[in-house]
>>> print(open('structure04.pdb').read())   # PDB, C-alpha atoms, pLDDT in the B column
ATOM      1  CA  MET A   9      53.395  -0.450  63.387  1.00 81.00           C
ATOM      2  CA  SER A  10      55.730  -3.433  63.814  1.00 88.00           C
ATOM      3  CA  THR A  11      58.346  -4.333  61.245  1.00 95.00           C
ATOM      4  CA  PRO A  12      58.443  -7.816  59.690  1.00 92.00           C
ATOM      5  CA  GLY A  13      61.700  -8.504  61.532  1.00 92.00           C
ATOM      6  CA  HIS A  14      60.104  -7.616  64.860  1.00 94.00           C
ATOM      7  CA  LEU A  15      57.085  -9.827  64.119  1.00 93.00           C
ATOM      8  CA  VAL A  16      59.296 -12.779  63.133  1.00 92.00           C
ATOM      9  CA  TRP A  17      61.230 -12.309  66.380  1.00 94.00           C
ATOM     10  CA  ARG A  18      58.031 -12.164  68.478  1.00 95.00           C
ATOM     11  CA  LEU A  19      56.503 -15.200  66.762  1.00 95.00           C
ATOM     12  CA  SER A  20      59.731 -17.134  67.200  1.00 94.00           C
ATOM     13  CA  LEU A  21      59.780 -16.365  70.934  1.00 95.00           C
ATOM     14  CA  LYS A  22      56.079 -17.149  71.312  1.00 96.00           C
ATOM     15  CA  TRP A  23      56.555 -20.514  69.576  1.00 96.00           C
ATOM     16  CA  ARG A  24      59.647 -21.437  71.567  1.00 94.00           C
ATOM     17  CA  VAL A  25      58.018 -20.632  74.907  1.00 95.00           C
ATOM     18  CA  ALA A  26      54.860 -22.526  73.948  1.00 96.00           C
ATOM     19  CA  VAL A  27      56.822 -25.600  72.835  1.00 97.00           C
ATOM     20  CA  ASP A  28      59.003 -25.536  75.961  1.00 96.00           C
ATOM     21  CA  ARG A  29      55.903 -25.375  78.172  1.00 96.00           C
ATOM     22  CA  ALA A  30      54.087 -28.099  76.237  1.00 97.00           C
ATOM     23  CA  LEU A  31      57.108 -30.421  76.390  1.00 97.00           C
ATOM     24  CA  ALA A  32      58.017 -29.770  80.046  1.00 97.00           C
ATOM     25  CA  PRO A  33      55.823 -32.657  81.296  1.00 96.00           C
ATOM     26  CA  LEU A  34      57.765 -34.935  78.922  1.00 94.00           C
ATOM     27  CA  ASP A  35      61.048 -33.610  80.366  1.00 94.00           C
ATOM     28  CA  LEU A  36      62.219 -32.256  76.992  1.00 96.00           C
ATOM     29  CA  THR A  37      63.417 -28.823  75.935  1.00 94.00           C
ATOM     30  CA  HIS A  38      62.590 -27.322  72.577  1.00 94.00           C
ATOM     31  CA  ALA A  39      66.150 -27.948  71.326  1.00 95.00           C
ATOM     32  CA  GLN A  40      66.053 -31.592  72.452  1.00 97.00           C
ATOM     33  CA  TYR A  41      62.714 -31.975  70.694  1.00 97.00           C
ATOM     34  CA  VAL A  42      64.080 -30.488  67.463  1.00 97.00           C
ATOM     35  CA  PHE A  43      67.032 -32.883  67.627  1.00 97.00           C
ATOM     36  CA  LEU A  44      64.943 -35.995  68.398  1.00 98.00           C
ATOM     37  CA  SER A  45      61.988 -35.292  66.104  1.00 98.00           C
ATOM     38  CA  SER A  46      64.268 -34.369  63.210  1.00 98.00           C
ATOM     39  CA  LEU A  47      66.304 -37.520  63.766  1.00 98.00           C
ATOM     40  CA  ALA A  48      63.072 -39.550  63.814  1.00 98.00           C
ATOM     41  CA  GLY A  49      61.983 -37.969  60.527  1.00 97.00           C
ATOM     42  CA  LEU A  50      65.328 -38.603  58.873  1.00 97.00           C
ATOM     43  CA  GLU A  51      65.260 -42.213  60.074  1.00 97.00           C
ATOM     44  CA  ARG A  52      61.732 -42.639  58.646  1.00 96.00           C
ATOM     45  CA  ALA A  53      63.176 -41.401  55.342  1.00 96.00           C
ATOM     46  CA  GLY A  54      65.720 -44.223  55.527  1.00 96.00           C
ATOM     47  CA  THR A  55      68.856 -42.343  56.572  1.00 94.00           C
ATOM     48  CA  THR A  56      71.256 -42.580  59.490  1.00 94.00           C
ATOM     49  CA  PRO A  57      72.397 -38.969  59.584  1.00 96.00           C
ATOM     50  CA  SER A  58      75.702 -37.662  60.808  1.00 96.00           C
ATOM     51  CA  GLN A  59      75.768 -34.956  63.442  1.00 95.00           C
ATOM     52  CA  ARG A  60      76.662 -32.486  60.676  1.00 95.00           C
ATOM     53  CA  GLU A  61      73.725 -33.608  58.517  1.00 96.00           C
ATOM     54  CA  LEU A  62      71.375 -33.237  61.478  1.00 97.00           C
ATOM     55  CA  ALA A  63      72.792 -29.768  62.184  1.00 96.00           C
ATOM     56  CA  ASP A  64      72.227 -28.754  58.556  1.00 95.00           C
ATOM     57  CA  HIS A  65      68.689 -30.180  58.635  1.00 95.00           C
ATOM     58  CA  THR A  66      67.676 -28.466  61.883  1.00 95.00           C
ATOM     59  CA  GLY A  67      69.550 -25.185  61.576  1.00 92.00           C
ATOM     60  CA  LEU A  68      71.205 -25.821  64.938  1.00 94.00           C
ATOM     61  CA  GLU A  69      74.913 -25.089  65.267  1.00 95.00           C
ATOM     62  CA  PRO A  70      77.072 -28.212  64.712  1.00 95.00           C
ATOM     63  CA  LEU A  71      78.782 -27.761  68.085  1.00 96.00           C
ATOM     64  CA  TYR A  72      75.372 -27.573  69.798  1.00 96.00           C
ATOM     65  CA  VAL A  73      74.193 -30.721  67.982  1.00 97.00           C
ATOM     66  CA  SER A  74      77.332 -32.489  69.205  1.00 96.00           C
ATOM     67  CA  LYS A  75      76.659 -31.363  72.781  1.00 97.00           C
ATOM     68  CA  LEU A  76      72.985 -32.353  72.594  1.00 97.00           C
ATOM     69  CA  GLY A  77      73.944 -35.690  71.047  1.00 97.00           C
ATOM     70  CA  ARG A  78      76.308 -36.496  73.912  1.00 97.00           C
ATOM     71  CA  ALA A  79      73.679 -35.587  76.513  1.00 97.00           C
ATOM     72  CA  LEU A  80      70.901 -37.531  74.771  1.00 98.00           C
ATOM     73  CA  ASP A  81      73.266 -40.486  74.379  1.00 98.00           C
ATOM     74  CA  ALA A  82      73.994 -40.385  78.121  1.00 97.00           C
ATOM     75  CA  ASP A  83      70.212 -40.322  78.741  1.00 97.00           C
ATOM     76  CA  GLY A  84      69.779 -43.421  76.560  1.00 97.00           C
ATOM     77  CA  LEU A  85      67.695 -41.653  73.891  1.00 98.00           C
ATOM     78  CA  VAL A  86      70.195 -41.796  71.021  1.00 98.00           C
ATOM     79  CA  GLU A  87      73.194 -43.819  70.013  1.00 97.00           C
ATOM     80  CA  ARG A  88      76.241 -42.121  68.569  1.00 96.00           C
ATOM     81  CA  ALA A  89      78.636 -44.240  66.534  1.00 95.00           C
ATOM     82  CA  ARG A  90      81.658 -43.535  64.375  1.00 93.00           C
ATOM     83  CA  ASP A  91      81.056 -43.942  60.655  1.00 87.00           C
ATOM     84  CA  THR A  92      82.691 -47.112  59.325  1.00 90.00           C
ATOM     85  CA  THR A  93      84.193 -45.351  56.298  1.00 91.00           C
ATOM     86  CA  ASP A  94      85.096 -41.987  57.873  1.00 89.00           C
ATOM     87  CA  THR A  95      85.928 -42.187  61.566  1.00 86.00           C
ATOM     88  CA  ARG A  96      85.724 -38.381  61.903  1.00 90.00           C
ATOM     89  CA  THR A  97      81.987 -38.634  61.228  1.00 93.00           C
ATOM     90  CA  VAL A  98      79.561 -39.470  64.043  1.00 94.00           C
ATOM     91  CA  ARG A  99      76.292 -41.148  62.986  1.00 96.00           C
ATOM     92  CA  LEU A 100      73.121 -40.836  65.054  1.00 97.00           C
ATOM     93  CA  ARG A 101      70.291 -43.255  65.720  1.00 97.00           C
ATOM     94  CA  LEU A 102      67.309 -43.152  68.058  1.00 98.00           C
ATOM     95  CA  THR A 103      67.172 -45.905  70.651  1.00 98.00           C
ATOM     96  CA  ALA A 104      63.946 -47.733  71.497  1.00 98.00           C
ATOM     97  CA  ARG A 105      63.627 -45.412  74.502  1.00 97.00           C
ATOM     98  CA  GLY A 106      64.245 -42.432  72.217  1.00 98.00           C
ATOM     99  CA  HIS A 107      61.308 -43.499  70.042  1.00 97.00           C
ATOM    100  CA  GLU A 108      59.128 -43.915  73.154  1.00 97.00           C
ATOM    101  CA  VAL A 109      59.968 -40.370  74.247  1.00 97.00           C
ATOM    102  CA  VAL A 110      59.796 -38.589  70.895  1.00 98.00           C
ATOM    103  CA  GLU A 111      56.513 -40.019  69.560  1.00 97.00           C
ATOM    104  CA  PRO A 112      54.266 -38.425  72.220  1.00 97.00           C
ATOM    105  CA  ALA A 113      56.326 -35.238  71.943  1.00 98.00           C
ATOM    106  CA  ILE A 114      55.665 -35.099  68.200  1.00 98.00           C
ATOM    107  CA  ALA A 115      51.933 -35.496  68.863  1.00 97.00           C
ATOM    108  CA  THR A 116      52.042 -32.737  71.497  1.00 97.00           C
ATOM    109  CA  VAL A 117      53.806 -30.293  69.186  1.00 97.00           C
ATOM    110  CA  ALA A 118      51.439 -31.187  66.311  1.00 96.00           C
ATOM    111  CA  GLU A 119      48.462 -30.214  68.503  1.00 96.00           C
ATOM    112  CA  LEU A 120      50.205 -26.954  69.375  1.00 96.00           C
ATOM    113  CA  LEU A 121      50.913 -26.285  65.693  1.00 96.00           C
ATOM    114  CA  ASP A 122      47.245 -26.897  64.887  1.00 96.00           C
ATOM    115  CA  ARG A 123      46.270 -24.206  67.411  1.00 96.00           C
ATOM    116  CA  LEU A 124      48.859 -21.779  66.014  1.00 96.00           C
ATOM    117  CA  LEU A 125      47.770 -22.287  62.400  1.00 96.00           C
ATOM    118  CA  ALA A 126      44.004 -22.380  62.982  1.00 97.00           C
ATOM    119  CA  PRO A 127      43.579 -18.676  62.036  1.00 96.00           C
ATOM    120  CA  LEU A 128      45.204 -19.456  58.648  1.00 95.00           C
ATOM    121  CA  GLY A 129      42.955 -22.408  57.892  1.00 95.00           C
ATOM    122  CA  GLY A 130      45.011 -25.106  59.624  1.00 94.00           C
ATOM    123  CA  ARG A 131      48.092 -27.041  58.563  1.00 93.00           C
ATOM    124  CA  ARG A 132      46.663 -27.851  55.141  1.00 93.00           C
ATOM    125  CA  GLY A 133      45.133 -24.439  54.483  1.00 94.00           C
ATOM    126  CA  GLU A 134      45.991 -22.339  51.437  1.00 96.00           C
ATOM    127  CA  ARG A 135      47.186 -19.436  53.599  1.00 97.00           C
ATOM    128  CA  THR A 136      49.427 -21.792  55.582  1.00 96.00           C
ATOM    129  CA  ALA A 137      50.939 -23.102  52.336  1.00 96.00           C
ATOM    130  CA  ALA A 138      51.611 -19.516  51.218  1.00 97.00           C
ATOM    131  CA  LEU A 139      53.163 -18.662  54.592  1.00 95.00           C
ATOM    132  CA  THR A 140      55.358 -21.760  54.383  1.00 95.00           C
ATOM    133  CA  ARG A 141      56.558 -20.746  50.908  1.00 96.00           C
ATOM    134  CA  ASP A 142      57.301 -17.202  52.089  1.00 95.00           C
ATOM    135  CA  LEU A 143      59.158 -18.355  55.205  1.00 93.00           C
ATOM    136  CA  THR A 144      61.191 -20.826  53.138  1.00 93.00           C
ATOM    137  CA  LEU A 145      62.126 -18.045  50.727  1.00 95.00           C
ATOM    138  CA  LEU A 146      63.250 -15.848  53.617  1.00 92.00           C
ATOM    139  CA  LEU A 147      65.225 -18.677  55.238  1.00 89.00           C
ATOM    140  CA  ASP A 148      66.958 -19.388  51.927  1.00 90.00           C
ATOM    141  CA  THR A 149      67.980 -15.743  51.500  1.00 92.00           C
ATOM    142  CA  PRO A 150      71.591 -15.207  52.617  1.00 91.00           C
ATOM    143  CA  LEU A 151      72.123 -12.370  55.071  1.00 89.00           C
ATOM    144  CA  GLU A 152      75.906 -12.501  55.294  1.00 84.00           C
ATOM    145  CA  GLY A 153      78.038 -10.708  52.698  1.00 72.00           C
ATOM    146  CA  THR A 154      78.577 -12.396  49.373  1.00 55.00           C
TER     147      THR A 154
END
>>> encode(input="structure04.pdb", output="structure tokens")
Amino acid sequence: MSTPGHLVWRLSLKWRVAVDRALAPLDLTHAQYVFLSSLAGLERAGTTPSQRELADHTGLEPLYVSKLGRALDADGLVERARDTTDTRTVRLRLTARGHEVVEPAIATVAELLDRLLAPLGGRRGERTAALTRDLTLLLDTPLEGT
């Protein structure tokens, strides 16, 4: 019998591979998608996040977010600008091209998520809500020493 840790690992790999394959025709990696879709969501909520805020939101390492930000800036998908009040802080914003790229990607990943969650009753199913609560609890549980 598999342990919960093993199952989380396997599901994580399965999801990452599926997202990478689904996004390949859009020329995006899973990490680029996480960056762009999260930035789009934060912008819809009315914020212009810093690289650090985006790292905290996504769970990606701050150094990796910085590297992705530079690459996506060079590709014309995001703009990086120094904060006017704290020049150490870099703020992020999707460009028009970034919106054009991320919107179909979000739709593609939503379809994939629907297929993944169908056995639990779909995205709005009671079992999915319970799974989301349980995963959130596990993600919020510190693993490093206190």
>>> resolve_selection(input="structure04.pdb", expression="the PyMOL selection byres ((chain A and resi 99) around 9)", output="PyMOL selection string")
chain A and resi 56-60+87-91+97-98+100-101
>>> closest_atom_pairs(input="structure04.pdb", of="region 61-143 of chain A", to="region 11-28 of chain A", cutoff="12 Å", atoms="all atoms listed in the file", output="tab-separated table")
residue	atom	partner	partner_atom	distance
A:Ala113	CA	A:Val27	CA	9.7
A:Ile114	CA	A:Val27	CA	10.6
A:Ala115	CA	A:Val27	CA	11.7
A:Thr116	CA	A:Val27	CA	8.7
A:Val117	CA	A:Val27	CA	6.7
A:Ala118	CA	A:Val27	CA	10.1
A:Glu119	CA	A:Val27	CA	10.5
A:Leu120	CA	A:Val27	CA	7.6
A:Leu121	CA	A:Trp23	CA	9.0
A:Arg123	CA	A:Ala26	CA	10.9
A:Leu124	CA	A:Trp23	CA	8.6
A:Leu125	CA	A:Trp23	CA	11.5
A:Leu143	CA	A:Val16	CA	9.7
>>> write_last_selection(input="structure04.pdb", atoms="C-alpha atoms", output="short mmCIF file (atom, residue, chain, number, x, y, z; two decimals), in the frame of the given file")
data_model
loop_
_atom_site.label_atom_id
_atom_site.label_comp_id
_atom_site.auth_asym_id
_atom_site.auth_seq_id
_atom_site.Cartn_x
_atom_site.Cartn_y
_atom_site.Cartn_z
CA ALA A 113 56.33 -35.24 71.94
CA ILE A 114 55.66 -35.10 68.20
CA ALA A 115 51.93 -35.50 68.86
CA THR A 116 52.04 -32.74 71.50
CA VAL A 117 53.81 -30.29 69.19
CA ALA A 118 51.44 -31.19 66.31
CA GLU A 119 48.46 -30.21 68.50
CA LEU A 120 50.20 -26.95 69.38
CA LEU A 121 50.91 -26.28 65.69
CA ARG A 123 46.27 -24.21 67.41
CA LEU A 124 48.86 -21.78 66.01
CA LEU A 125 47.77 -22.29 62.40
CA LEU A 143 59.16 -18.36 55.20
#
>>> atom_distance(input="structure04.pdb", atom1="CA of Lys75 (chain A)", atom2="CA of Ala63 (chain A)")
11.4 Å
>>> closest_residue(input="structure04.pdb", among="A:Met9, A:Ala32, A:Ala126, A:Val109", to="Leu80 (chain A)", atoms="all atoms listed in the file")
A:Val109
>>> residues_around(input="structure04.pdb", residues="region 110-112 of chain A", least_positions_apart="3", cutoff="12 Å", atoms="all atoms listed in the file", output="VMD selection string")
chain A and resid 30 to 31 33 to 38 40 to 49 80 85 to 86 102 to 107 115 to 119
>>> atom_distance(input="structure04.pdb", atom1="CA of Leu50 (chain A)", atom2="CA of His65 (chain A)")
9.1 Å
>>> axis_aligned_box(input="structure04.pdb", around="region 23-42 of chain A", padding_each_side="4 Å", output="JSON")
{"center_x": 60.1, "center_y": -27.7, "center_z": 74.4, "size_x": 20.1, "size_y": 22.4, "size_z": 21.8}
>>> atom_distance(input="structure04.pdb", atom1="CA of Leu128 (chain A)", atom2="CA of Asp64 (chain A)")
28.6 Å
>>> closest_residue(input="structure04.pdb", among="A:Ser74, A:Ala79, A:Gly67, A:Arg132", to="Leu147 (chain A)", atoms="only C-alpha atoms")
A:Gly67
>>> build_atoms(input="structure04.pdb", residues="region 98-116 of chain A", atoms="N, CA, C and O atoms", output="short mmCIF file (atom, residue, chain, number, x, y, z; two decimals), in the frame of the given file")
data_model
loop_
_atom_site.label_atom_id
_atom_site.label_comp_id
_atom_site.auth_asym_id
_atom_site.auth_seq_id
_atom_site.Cartn_x
_atom_site.Cartn_y
_atom_site.Cartn_z
N VAL A 98 80.37 -38.80 63.03
CA VAL A 98 79.56 -39.47 64.04
C VAL A 98 78.14 -39.61 63.51
O VAL A 98 77.50 -38.62 63.15
N ARG A 99 77.65 -40.85 63.44
CA ARG A 99 76.29 -41.15 62.99
C ARG A 99 75.36 -41.24 64.19
O ARG A 99 75.76 -41.64 65.28
N LEU A 100 74.11 -40.88 63.98
CA LEU A 100 73.12 -40.84 65.05
C LEU A 100 71.96 -41.79 64.76
O LEU A 100 71.56 -41.95 63.60
N ARG A 101 71.44 -42.36 65.84
CA ARG A 101 70.29 -43.26 65.72
C ARG A 101 69.48 -43.17 67.01
O ARG A 101 70.05 -43.15 68.10
N LEU A 102 68.16 -43.12 66.87
CA LEU A 102 67.31 -43.15 68.06
C LEU A 102 67.33 -44.56 68.65
O LEU A 102 67.33 -45.54 67.92
N THR A 103 67.32 -44.63 69.97
CA THR A 103 67.17 -45.90 70.65
C THR A 103 65.68 -46.20 70.77
O THR A 103 64.83 -45.34 70.47
N ALA A 104 65.35 -47.39 71.25
CA ALA A 104 63.95 -47.73 71.50
C ALA A 104 63.34 -46.73 72.48
O ALA A 104 62.22 -46.25 72.29
N ARG A 105 64.10 -46.40 73.52
CA ARG A 105 63.63 -45.41 74.50
C ARG A 105 63.45 -44.04 73.85
O ARG A 105 62.51 -43.30 74.15
N GLY A 106 64.36 -43.69 72.93
CA GLY A 106 64.24 -42.43 72.22
C GLY A 106 62.94 -42.35 71.43
O GLY A 106 62.26 -41.32 71.43
N HIS A 107 62.58 -43.45 70.77
CA HIS A 107 61.31 -43.50 70.04
C HIS A 107 60.13 -43.35 71.01
O HIS A 107 59.16 -42.64 70.70
N GLU A 108 60.21 -44.00 72.16
CA GLU A 108 59.13 -43.92 73.15
C GLU A 108 58.94 -42.49 73.66
O GLU A 108 57.82 -42.07 73.95
N VAL A 109 60.03 -41.75 73.75
CA VAL A 109 59.97 -40.37 74.25
C VAL A 109 59.52 -39.41 73.16
O VAL A 109 58.70 -38.52 73.39
N VAL A 110 60.05 -39.59 71.94
CA VAL A 110 59.80 -38.59 70.90
C VAL A 110 58.40 -38.70 70.29
O VAL A 110 57.82 -37.68 69.90
N GLU A 111 57.83 -39.89 70.21
CA GLU A 111 56.51 -40.02 69.56
C GLU A 111 55.42 -39.20 70.26
O GLU A 111 54.70 -38.46 69.60
N PRO A 112 55.27 -39.30 71.59
CA PRO A 112 54.27 -38.42 72.22
C PRO A 112 54.62 -36.94 72.13
O PRO A 112 53.73 -36.09 72.06
N ALA A 113 55.91 -36.64 72.09
CA ALA A 113 56.33 -35.24 71.94
C ALA A 113 55.91 -34.70 70.58
O ALA A 113 55.44 -33.56 70.47
N ILE A 114 56.08 -35.51 69.55
CA ILE A 114 55.66 -35.10 68.20
C ILE A 114 54.16 -34.83 68.17
O ILE A 114 53.70 -33.84 67.61
N ALA A 115 53.39 -35.69 68.81
CA ALA A 115 51.93 -35.50 68.86
C ALA A 115 51.58 -34.22 69.62
O ALA A 115 50.69 -33.46 69.20
N THR A 116 52.28 -33.95 70.70
CA THR A 116 52.04 -32.74 71.50
C THR A 116 52.32 -31.48 70.68
O THR A 116 51.53 -30.54 70.67
#
